[in-house]
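See below for my_file_34.cif, which holds mmCIF, C-alpha atoms.
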data_run
#
loop_
_atom_site.label_atom_id
_atom_site.label_comp_id
_atom_site.auth_asym_id
_atom_site.auth_seq_id
_atom_site.Cartn_x
_atom_site.Cartn_y
_atom_site.Cartn_z
CA MET A 702 -14.49 -156.36 -10.44
CA ALA A 703 -13.06 -159.58 -9.02
CA GLN A 704 -15.10 -161.25 -6.33
CA GLN A 705 -13.49 -161.56 -2.94
CA LEU A 706 -14.22 -163.97 -0.13
CA LEU A 707 -15.55 -162.44 3.06
CA MET A 708 -13.52 -163.22 6.21
CA PRO A 709 -11.20 -165.89 4.76
CA LYS A 710 -9.89 -167.24 8.07
CA ALA A 711 -13.35 -167.56 9.60
CA THR A 712 -14.51 -169.34 6.44
CA ALA A 713 -11.51 -171.67 6.61
CA VAL A 714 -12.34 -172.51 10.23
CA TRP A 715 -15.88 -173.48 9.23
CA LEU A 716 -14.72 -175.57 6.23
CA VAL A 717 -12.18 -177.44 8.39
CA ASP A 718 -14.81 -178.25 11.01
CA ASN A 719 -17.77 -179.03 8.74
CA THR A 720 -16.42 -180.54 5.50
CA ALA A 721 -14.07 -183.25 4.26
CA LEU A 722 -12.21 -180.90 1.91
CA SER A 723 -8.43 -181.16 1.76
CA PHE A 724 -6.15 -178.52 3.22
CA ASP A 725 -5.03 -177.56 -0.28
CA GLN A 726 -8.63 -177.04 -1.45
CA ILE A 727 -9.49 -174.89 1.56
CA ALA A 728 -6.23 -172.93 1.19
CA GLN A 729 -6.91 -172.29 -2.49
CA PHE A 730 -10.50 -171.18 -1.83
CA CYS A 731 -9.66 -168.97 1.16
CA LYS A 732 -6.39 -167.60 -0.31
CA LEU A 733 -4.34 -169.02 2.57
CA HIS A 734 -1.23 -171.16 2.79
CA PRO A 735 -1.87 -174.92 3.21
CA LEU A 736 0.31 -174.95 6.35
CA GLU A 737 -1.87 -172.21 7.83
CA VAL A 738 -4.96 -174.33 7.18
CA LYS A 739 -3.20 -177.31 8.79
CA ALA A 740 -2.43 -175.14 11.82
CA ILE A 741 -6.11 -174.19 12.03
CA ALA A 742 -7.07 -177.88 11.96
CA ASP A 743 -4.51 -178.65 14.69
CA GLY A 744 -5.82 -175.80 16.85
CA GLU A 745 -2.52 -173.90 16.65
CA ALA A 746 -3.92 -170.95 14.68
CA ALA A 747 -7.13 -168.92 14.46
CA GLN A 748 -7.94 -169.64 18.07
CA GLY A 749 -10.99 -167.70 19.19
CA ILE A 750 -12.17 -167.11 15.61
CA LYS A 751 -15.76 -168.20 15.09
CA GLY A 752 -16.36 -170.07 11.87
CA LEU A 753 -18.31 -168.31 9.12
CA ASP A 754 -20.69 -170.45 7.05
CA PRO A 755 -20.03 -169.61 3.36
CA ILE A 756 -23.30 -171.30 2.42
CA ALA A 757 -25.30 -168.96 4.63
CA THR A 758 -23.50 -165.95 3.17
CA GLY A 759 -24.20 -167.18 -0.37
CA GLN A 760 -20.54 -167.48 -1.32
CA LEU A 761 -20.48 -171.24 -1.67
CA SER A 762 -23.13 -173.85 -2.49
CA ARG A 763 -23.59 -177.31 -1.03
CA ASP A 764 -23.20 -178.84 -4.49
CA GLU A 765 -19.84 -177.12 -4.89
CA ILE A 766 -18.65 -178.52 -1.57
CA ALA A 767 -19.86 -182.00 -2.58
CA ARG A 768 -17.89 -181.80 -5.85
CA GLY A 769 -14.78 -180.85 -3.93
CA GLU A 770 -15.18 -183.67 -1.44
CA LYS A 771 -15.48 -186.21 -4.28
CA ASP A 772 -12.46 -184.89 -6.23
CA VAL A 773 -9.35 -183.84 -4.33
CA ASN A 774 -8.04 -181.93 -7.35
CA TYR A 775 -11.25 -179.94 -7.79
CA LYS A 776 -10.94 -176.21 -7.14
CA LEU A 777 -13.86 -174.57 -5.40
CA LYS A 778 -15.49 -171.59 -7.08
CA LEU A 779 -17.24 -168.66 -5.50
CA SER A 780 -20.96 -168.40 -6.16
CA ASP A 781 -22.26 -165.39 -8.05
CA PRO A 782 -23.49 -162.82 -5.53
CA LYS A 783 -27.20 -162.06 -5.53
CA VAL A 784 -26.53 -158.38 -4.93
CA ARG A 785 -23.57 -156.64 -6.53
CA VAL A 786 -22.05 -153.82 -4.51
CA PRO A 787 -20.63 -151.13 -6.79
CA GLU A 788 -16.93 -150.58 -6.45
CA SER A 789 -16.10 -147.37 -4.63
CA LYS A 790 -14.36 -144.95 -6.91
CA ARG A 791 -11.18 -143.34 -5.78
CA ARG A 792 -11.70 -139.67 -5.07
CA GLY A 793 -9.38 -137.51 -7.10
CA PRO A 794 -9.37 -134.31 -9.11
CA ARG A 795 -12.70 -133.67 -10.81
CA TYR A 796 -12.69 -134.47 -14.51
CA THR A 797 -13.57 -131.47 -16.62
CA PRO A 798 -14.81 -131.89 -20.21
CA VAL A 799 -12.55 -130.45 -22.88
CA SER A 800 -15.26 -128.00 -23.96
CA LYS A 801 -15.35 -126.43 -20.49
CA ARG A 802 -11.64 -126.39 -19.64
CA GLN A 803 -11.23 -122.90 -21.05
CA ASP A 804 -13.71 -121.64 -18.42
CA ARG A 805 -11.75 -122.99 -15.47
CA PRO A 806 -9.53 -119.88 -14.98
CA ASN A 807 -12.65 -117.68 -14.83
CA ALA A 808 -14.19 -120.02 -12.26
CA ILE A 809 -11.00 -120.07 -10.19
CA LEU A 810 -10.91 -116.26 -10.18
CA TRP A 811 -14.54 -116.19 -9.01
CA LEU A 812 -13.81 -118.62 -6.18
CA VAL A 813 -10.68 -116.76 -5.10
CA ARG A 814 -12.55 -113.46 -4.92
CA ASN A 815 -15.86 -114.61 -3.46
CA HIS A 816 -14.62 -117.38 -1.17
CA PRO A 817 -11.09 -116.53 0.01
CA GLU A 818 -11.51 -119.02 2.84
CA LEU A 819 -11.30 -121.94 0.39
CA LYS A 820 -8.00 -123.79 0.27
CA ASP A 821 -6.24 -124.62 -2.98
CA THR A 822 -7.06 -128.31 -2.55
CA GLN A 823 -10.77 -127.48 -2.24
CA ILE A 824 -10.74 -125.32 -5.37
CA SER A 825 -8.89 -128.09 -7.17
CA ARG A 826 -11.61 -130.58 -6.21
CA LEU A 827 -14.39 -128.26 -7.35
CA VAL A 828 -13.15 -127.32 -10.82
CA GLY A 829 -10.51 -129.98 -11.50
CA THR A 830 -7.39 -127.85 -11.75
CA THR A 831 -3.84 -127.78 -10.40
CA LYS A 832 -2.40 -125.85 -7.45
CA SER A 833 0.08 -124.05 -9.71
CA THR A 834 -2.75 -122.66 -11.84
CA ILE A 835 -4.58 -121.45 -8.72
CA GLU A 836 -1.43 -119.75 -7.42
CA GLN A 837 -0.87 -118.03 -10.78
CA ILE A 838 -4.42 -116.67 -10.75
CA ARG A 839 -4.07 -115.53 -7.13
CA ASP A 840 -0.79 -113.72 -7.91
CA ARG A 841 -2.08 -112.36 -11.23
CA THR A 842 0.81 -114.10 -13.02
CA HIS A 843 -1.40 -116.26 -15.22
CA TRP A 844 -0.64 -115.85 -18.90
CA ASN A 845 -4.24 -114.75 -19.57
CA SER A 846 -4.85 -112.71 -16.41
CA ALA A 847 -5.75 -109.55 -18.33
CA ASN A 848 -8.66 -111.28 -20.06
CA LEU A 849 -10.06 -113.28 -17.15
CA THR A 850 -13.59 -112.57 -15.93
CA PRO A 851 -14.93 -113.97 -12.62
CA MET A 852 -17.68 -116.49 -13.36
CA ASP A 853 -19.64 -118.76 -11.03
CA PRO A 854 -18.44 -122.38 -11.49
CA VAL A 855 -21.98 -123.62 -10.83
CA THR A 856 -23.29 -121.52 -13.71
CA LEU A 857 -20.48 -122.81 -15.92
CA GLY A 858 -21.39 -126.39 -15.03
CA LEU A 859 -17.98 -127.17 -13.53
CA CYS A 860 -19.45 -128.20 -10.18
CA SER A 861 -22.80 -128.47 -8.43
CA GLN A 862 -24.18 -126.02 -5.90
CA ILE A 863 -24.22 -128.79 -3.29
CA ASP A 864 -20.50 -129.46 -3.75
CA LEU A 865 -19.70 -125.74 -3.54
CA ASP A 866 -21.78 -125.26 -0.38
CA LEU A 867 -20.15 -128.30 1.20
CA GLU A 868 -16.62 -127.02 0.56
CA VAL A 869 -17.53 -123.54 1.82
CA GLU A 870 -19.01 -125.04 4.99
CA ARG A 871 -15.87 -127.08 5.59
CA ALA A 872 -13.67 -124.03 5.11
CA SER A 873 -15.85 -121.92 7.42
CA LYS A 874 -15.42 -124.38 10.28
CA ASN A 875 -11.65 -123.83 10.23
CA ARG A 876 -11.92 -120.06 9.75
CA PRO A 877 -10.70 -117.98 12.76
CA LEU A 878 -13.17 -115.83 14.67
CA PRO A 879 -13.42 -112.18 13.51
CA THR A 880 -11.32 -109.63 15.39
CA ALA A 881 -12.67 -106.59 17.23
CA ALA A 882 -11.53 -104.33 14.38
CA GLU A 883 -13.45 -106.44 11.87
CA LEU A 884 -16.55 -106.37 14.04
CA GLY A 885 -16.29 -102.58 14.38
CA ALA A 886 -16.06 -102.18 10.63
CA THR A 887 -19.47 -103.70 10.03
CA LEU A 888 -22.38 -101.67 8.75
CA GLN A 889 -24.96 -100.24 11.12
CA ALA A 890 -28.22 -102.04 11.54
CA ALA A 891 -31.14 -100.89 9.41
CA ALA A 892 -33.17 -100.09 12.53
CA GLU A 893 -30.54 -97.53 13.53
CA THR A 894 -30.42 -95.75 10.19
CA GLU A 895 -33.90 -96.00 8.69
CA ASN A 896 -35.34 -93.10 10.77
CA LEU A 897 -32.26 -90.89 10.61
CA GLY A 898 -33.50 -88.66 7.78
CA TYR A 899 -36.96 -88.38 9.28
CA ARG A 900 -35.60 -87.19 12.64
CA TYR A 901 -33.34 -84.68 10.92
CA GLU A 902 -36.23 -83.22 8.98
CA ARG A 903 -38.37 -83.01 12.13
CA GLU A 904 -35.63 -81.08 13.95
CA GLU A 905 -35.39 -78.60 11.07
CA GLU A 906 -39.16 -78.22 11.10
CA LYS A 907 -39.10 -77.53 14.84
CA GLU A 908 -36.46 -74.82 14.39
CA ILE A 909 -38.37 -73.24 11.54
CA ASP A 910 -41.63 -73.31 13.47
CA ALA A 911 -40.01 -71.72 16.54
CA ASN A 912 -38.54 -68.86 14.53
CA ALA A 913 -41.86 -68.26 12.86
CA VAL A 914 -43.65 -68.18 16.19
CA PHE A 915 -41.19 -65.69 17.69
CA ALA A 916 -41.43 -63.49 14.61
CA LYS A 917 -45.20 -63.55 14.79
CA LEU A 918 -45.18 -62.68 18.49
CA SER A 919 -42.84 -59.76 17.96
CA SER A 920 -45.02 -58.44 15.14
CA LEU A 921 -48.09 -58.68 17.36
CA LYS A 922 -46.33 -56.76 20.14
CA SER A 923 -45.34 -53.99 17.77
CA THR A 924 -48.91 -53.76 16.46
CA ARG A 925 -50.29 -53.44 19.98
CA ARG A 926 -47.83 -50.67 20.80
CA ASP A 927 -48.90 -48.73 17.75
CA GLU A 928 -52.57 -49.09 18.70
CA ASP A 929 -51.86 -47.91 22.28
CA GLU A 930 -50.02 -44.86 21.01
CA ASP A 931 -52.92 -43.98 18.71
CA ASP A 932 -55.35 -44.25 21.63
CA ASN A 933 -53.26 -41.83 23.74
CA PHE A 934 -53.55 -39.16 21.08
#

Would you mind writing the structure in this file as structure tokens?
Amino acid sequence: MAQQLLMPKATAVWLVDNTALSFDQIAQFCKLHPLEVKAIADGEAAQGIKGLDPIATGQLSRDEIARGEKDVNYKLKLSDPKVRVPESKRRGPRYTPVSKRQDRPNAILWLVRNHPELKDTQISRLVGTTKSTIEQIRDRTHWNSANLTPMDPVTLGLCSQIDLDLEVERASKNRPLPTAAELGATLQAAAETENLGYRYEREEEKEIDANAVFAKLSSLKSTRRDEDEDDNF
């Protein structure tokens, strides 16, 4: 990674005001045109820009400036940074090892079935595939559709659970609210159904007990009638 000077114009303003370096040296160091550096020195350019001390930022040493002031043809060199900032990688399709590429269709099928809210671009980021392959699996036109089996991409090692949860959360934010029909099609709460069988059995028991009581009462009445008739004789 090539080193780059921080705030070139502000650095040029400071070098013009605080050193005896030539315009060409400052232009070469700050990646500016010599005429632009001359305009800065004449006050025609970079007005309102506060000078940035390259020594304080660790991009240039006093010895390096002294060498440049002694030799007009000397080219200033950036100092090695004390802390190296890693270069940010460009985000693109996830790379999938060759050994796991055969599992991608199964993972795509799992994502399509279990997370229909995910967009094709999100699935592509998770498993490193193309939109055409996703469309073929959605439409069941993939050449190997008959042999595909839905498999969790996290289990297959194609993506992490954190990445999957993040994509699902992003997709859920853009998901429309459920309609009244969808809300009506939901299952009943457990509290409403857990005592249903118990109540039904209790009602049957009540009916059975009532019949038994009436039968017993009628039998007692008939017995008393028989005893009264016997007494009359």

To test your reading of the syntax: which residues would the PyMOL selection byres ((chain A and resi 751) around 8) return for the file shown? Reply as a PyMOL selection string.
chain A and resi 711+714-715+749-750+752-753

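Distances here use all atoms listed in the file; by that measure, the residue among A:Lys771, A:Arg805, A:Lys832, A:Arg839 closest to Ser723 in chain A is A:Lys771.
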
Kindly resolve the PyMOL selection byres ((chain A and resi 845) around 12) on the present coordinates and return the residues as a compact mmCIF listing (two decimals) with C-alpha atoms, in the frame of the given file.
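Done, and the output landed in part-v9.txt:
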# COMPACT_ATOMS: atom_id res chain seq x y z
CA GLN A 803 -11.23 -122.90 -21.05
CA ASP A 804 -13.71 -121.64 -18.42
CA ARG A 805 -11.75 -122.99 -15.47
CA PRO A 806 -9.53 -119.88 -14.98
CA ASN A 807 -12.65 -117.68 -14.83
CA LEU A 810 -10.91 -116.26 -10.18
CA THR A 834 -2.75 -122.66 -11.84
CA GLN A 837 -0.87 -118.03 -10.78
CA ILE A 838 -4.42 -116.67 -10.75
CA ARG A 841 -2.08 -112.36 -11.23
CA THR A 842 0.81 -114.10 -13.02
CA HIS A 843 -1.40 -116.26 -15.22
CA TRP A 844 -0.64 -115.85 -18.90
CA SER A 846 -4.85 -112.71 -16.41
CA ALA A 847 -5.75 -109.55 -18.33
CA ASN A 848 -8.66 -111.28 -20.06
CA LEU A 849 -10.06 -113.28 -17.15
CA THR A 850 -13.59 -112.57 -15.93

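The spacing separating CA of Asp764 in chain A from CA of Leu707 in chain A amounts to 19.6 Å.
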
Using all atoms listed in the file, the best pick from A:Glu818, A:Glu836, A:Glu737, A:Asp781 as closest to Val869 in chain A would be A:Glu818

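For the pair CA of Ile766 in chain A and CA of Gln726 in chain A, the interatomic distance is 10.1 Å.
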
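Contact shell of Lys820 in chain A at 9 Å (only C-alpha atoms; same-chain neighbours under 4 positions omitted): Ile824, Ser825 and Ala872 of chain A.
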
inquiry  = If we count all atoms listed in the file and set the cut-off at 8 Å, which residues sit around Gln760 in chain A, ignoring sequence neighbours fewer than 6 positions away in its own chain? Please answer as a PyMOL selection string.
reply    = chain A and resi 706+779-782

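Residues in contact range of Ile727 in chain A, defined as at most 9 Å between only C-alpha atoms, with sequence neighbours fewer than 2 positions away removed, read Thr712, Ala713, Leu716, Val717, Leu722, Ser723, Phe724, Asp725, Gln729, Phe730, Cys731, Lys732, Leu733, Pro735, Val738, Lys776 and Leu777 of chain A.
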
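Here the question is which of A:Thr758, A:Ala808, A:Ile835, A:Gly829 gets nearest to Thr856 in chain A using only C-alpha atoms, and that residue is A:Ala808.
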
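Our summary of the geometry notes that CA of Ser873 in chain A is positioned 14.4 Å from CA of Asp821 in chain A.
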
Closest of A:Thr830, A:Pro851, A:His734, A:Ala721 to Pro709 in chain A, counting all atoms listed in the file, is A:His734

Saving range 805-827 of chain A with N, CA and C atoms, as a CSV table (one decimal), in the first residue's frame, what would that file be?
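Result saved to decode12.csv:
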chain,number,residue,atom,x,y,z
A,805,ARG,N,-23.5,-24.8,-2.4
A,805,ARG,CA,-24.2,-23.5,-2.5
A,805,ARG,C,-25.7,-23.6,-3.0
A,806,PRO,N,-26.0,-24.5,-4.0
A,806,PRO,CA,-27.4,-24.6,-4.4
A,806,PRO,C,-28.3,-25.0,-3.2
A,807,ASN,N,-27.8,-26.0,-2.4
A,807,ASN,CA,-28.6,-26.4,-1.2
A,807,ASN,C,-28.8,-25.3,-0.2
A,808,ALA,N,-27.8,-24.5,0.0
A,808,ALA,CA,-27.9,-23.3,0.9
A,808,ALA,C,-28.9,-22.3,0.3
A,809,ILE,N,-28.8,-22.0,-1.0
A,809,ILE,CA,-29.7,-21.1,-1.6
A,809,ILE,C,-31.2,-21.5,-1.4
A,810,LEU,N,-31.4,-22.8,-1.7
A,810,LEU,CA,-32.8,-23.3,-1.5
A,810,LEU,C,-33.2,-23.2,-0.1
A,811,TRP,N,-32.3,-23.4,0.9
A,811,TRP,CA,-32.7,-23.2,2.3
A,811,TRP,C,-33.1,-21.8,2.6
A,812,LEU,N,-32.3,-20.8,2.1
A,812,LEU,CA,-32.6,-19.4,2.3
A,812,LEU,C,-33.8,-19.0,1.7
A,813,VAL,N,-34.1,-19.5,0.5
A,813,VAL,CA,-35.3,-19.1,-0.3
A,813,VAL,C,-36.5,-19.6,0.5
A,814,ARG,N,-36.5,-20.8,1.0
A,814,ARG,CA,-37.6,-21.3,1.7
A,814,ARG,C,-37.8,-20.8,3.1
A,815,ASN,N,-36.8,-20.6,3.9
A,815,ASN,CA,-36.9,-20.2,5.3
A,815,ASN,C,-36.8,-18.7,5.4
A,816,HIS,N,-36.3,-17.9,4.5
A,816,HIS,CA,-36.2,-16.5,4.6
A,816,HIS,C,-36.6,-15.9,3.3
A,817,PRO,N,-37.9,-15.9,2.9
A,817,PRO,CA,-38.3,-15.4,1.6
A,817,PRO,C,-38.2,-13.9,1.5
A,818,GLU,N,-38.0,-13.2,2.7
A,818,GLU,CA,-37.9,-11.8,2.7
A,818,GLU,C,-36.5,-11.3,2.2
A,819,LEU,N,-35.5,-12.2,2.1
A,819,LEU,CA,-34.2,-11.9,1.7
A,819,LEU,C,-34.2,-11.5,0.2
A,820,LYS,N,-33.5,-10.5,-0.2
A,820,LYS,CA,-33.3,-10.2,-1.6
A,820,LYS,C,-32.2,-11.0,-2.2
A,821,ASP,N,-32.2,-11.0,-3.6
A,821,ASP,CA,-31.2,-11.8,-4.3
A,821,ASP,C,-29.8,-11.3,-4.0
A,822,THR,N,-29.7,-10.0,-3.8
A,822,THR,CA,-28.3,-9.4,-3.5
A,822,THR,C,-27.9,-9.8,-2.2
A,823,GLN,N,-28.8,-10.0,-1.2
A,823,GLN,CA,-28.4,-10.4,0.1
A,823,GLN,C,-28.0,-11.9,0.1
A,824,ILE,N,-28.7,-12.7,-0.6
A,824,ILE,CA,-28.3,-14.1,-0.7
A,824,ILE,C,-27.0,-14.3,-1.4
A,825,SER,N,-26.8,-13.4,-2.4
A,825,SER,CA,-25.5,-13.5,-3.1
A,825,SER,C,-24.3,-13.1,-2.2
A,826,ARG,N,-24.6,-12.1,-1.3
A,826,ARG,CA,-23.5,-11.8,-0.3
A,826,ARG,C,-23.2,-12.9,0.7
A,827,LEU,N,-24.3,-13.6,1.1
A,827,LEU,CA,-24.1,-14.6,2.1
A,827,LEU,C,-23.4,-15.8,1.6
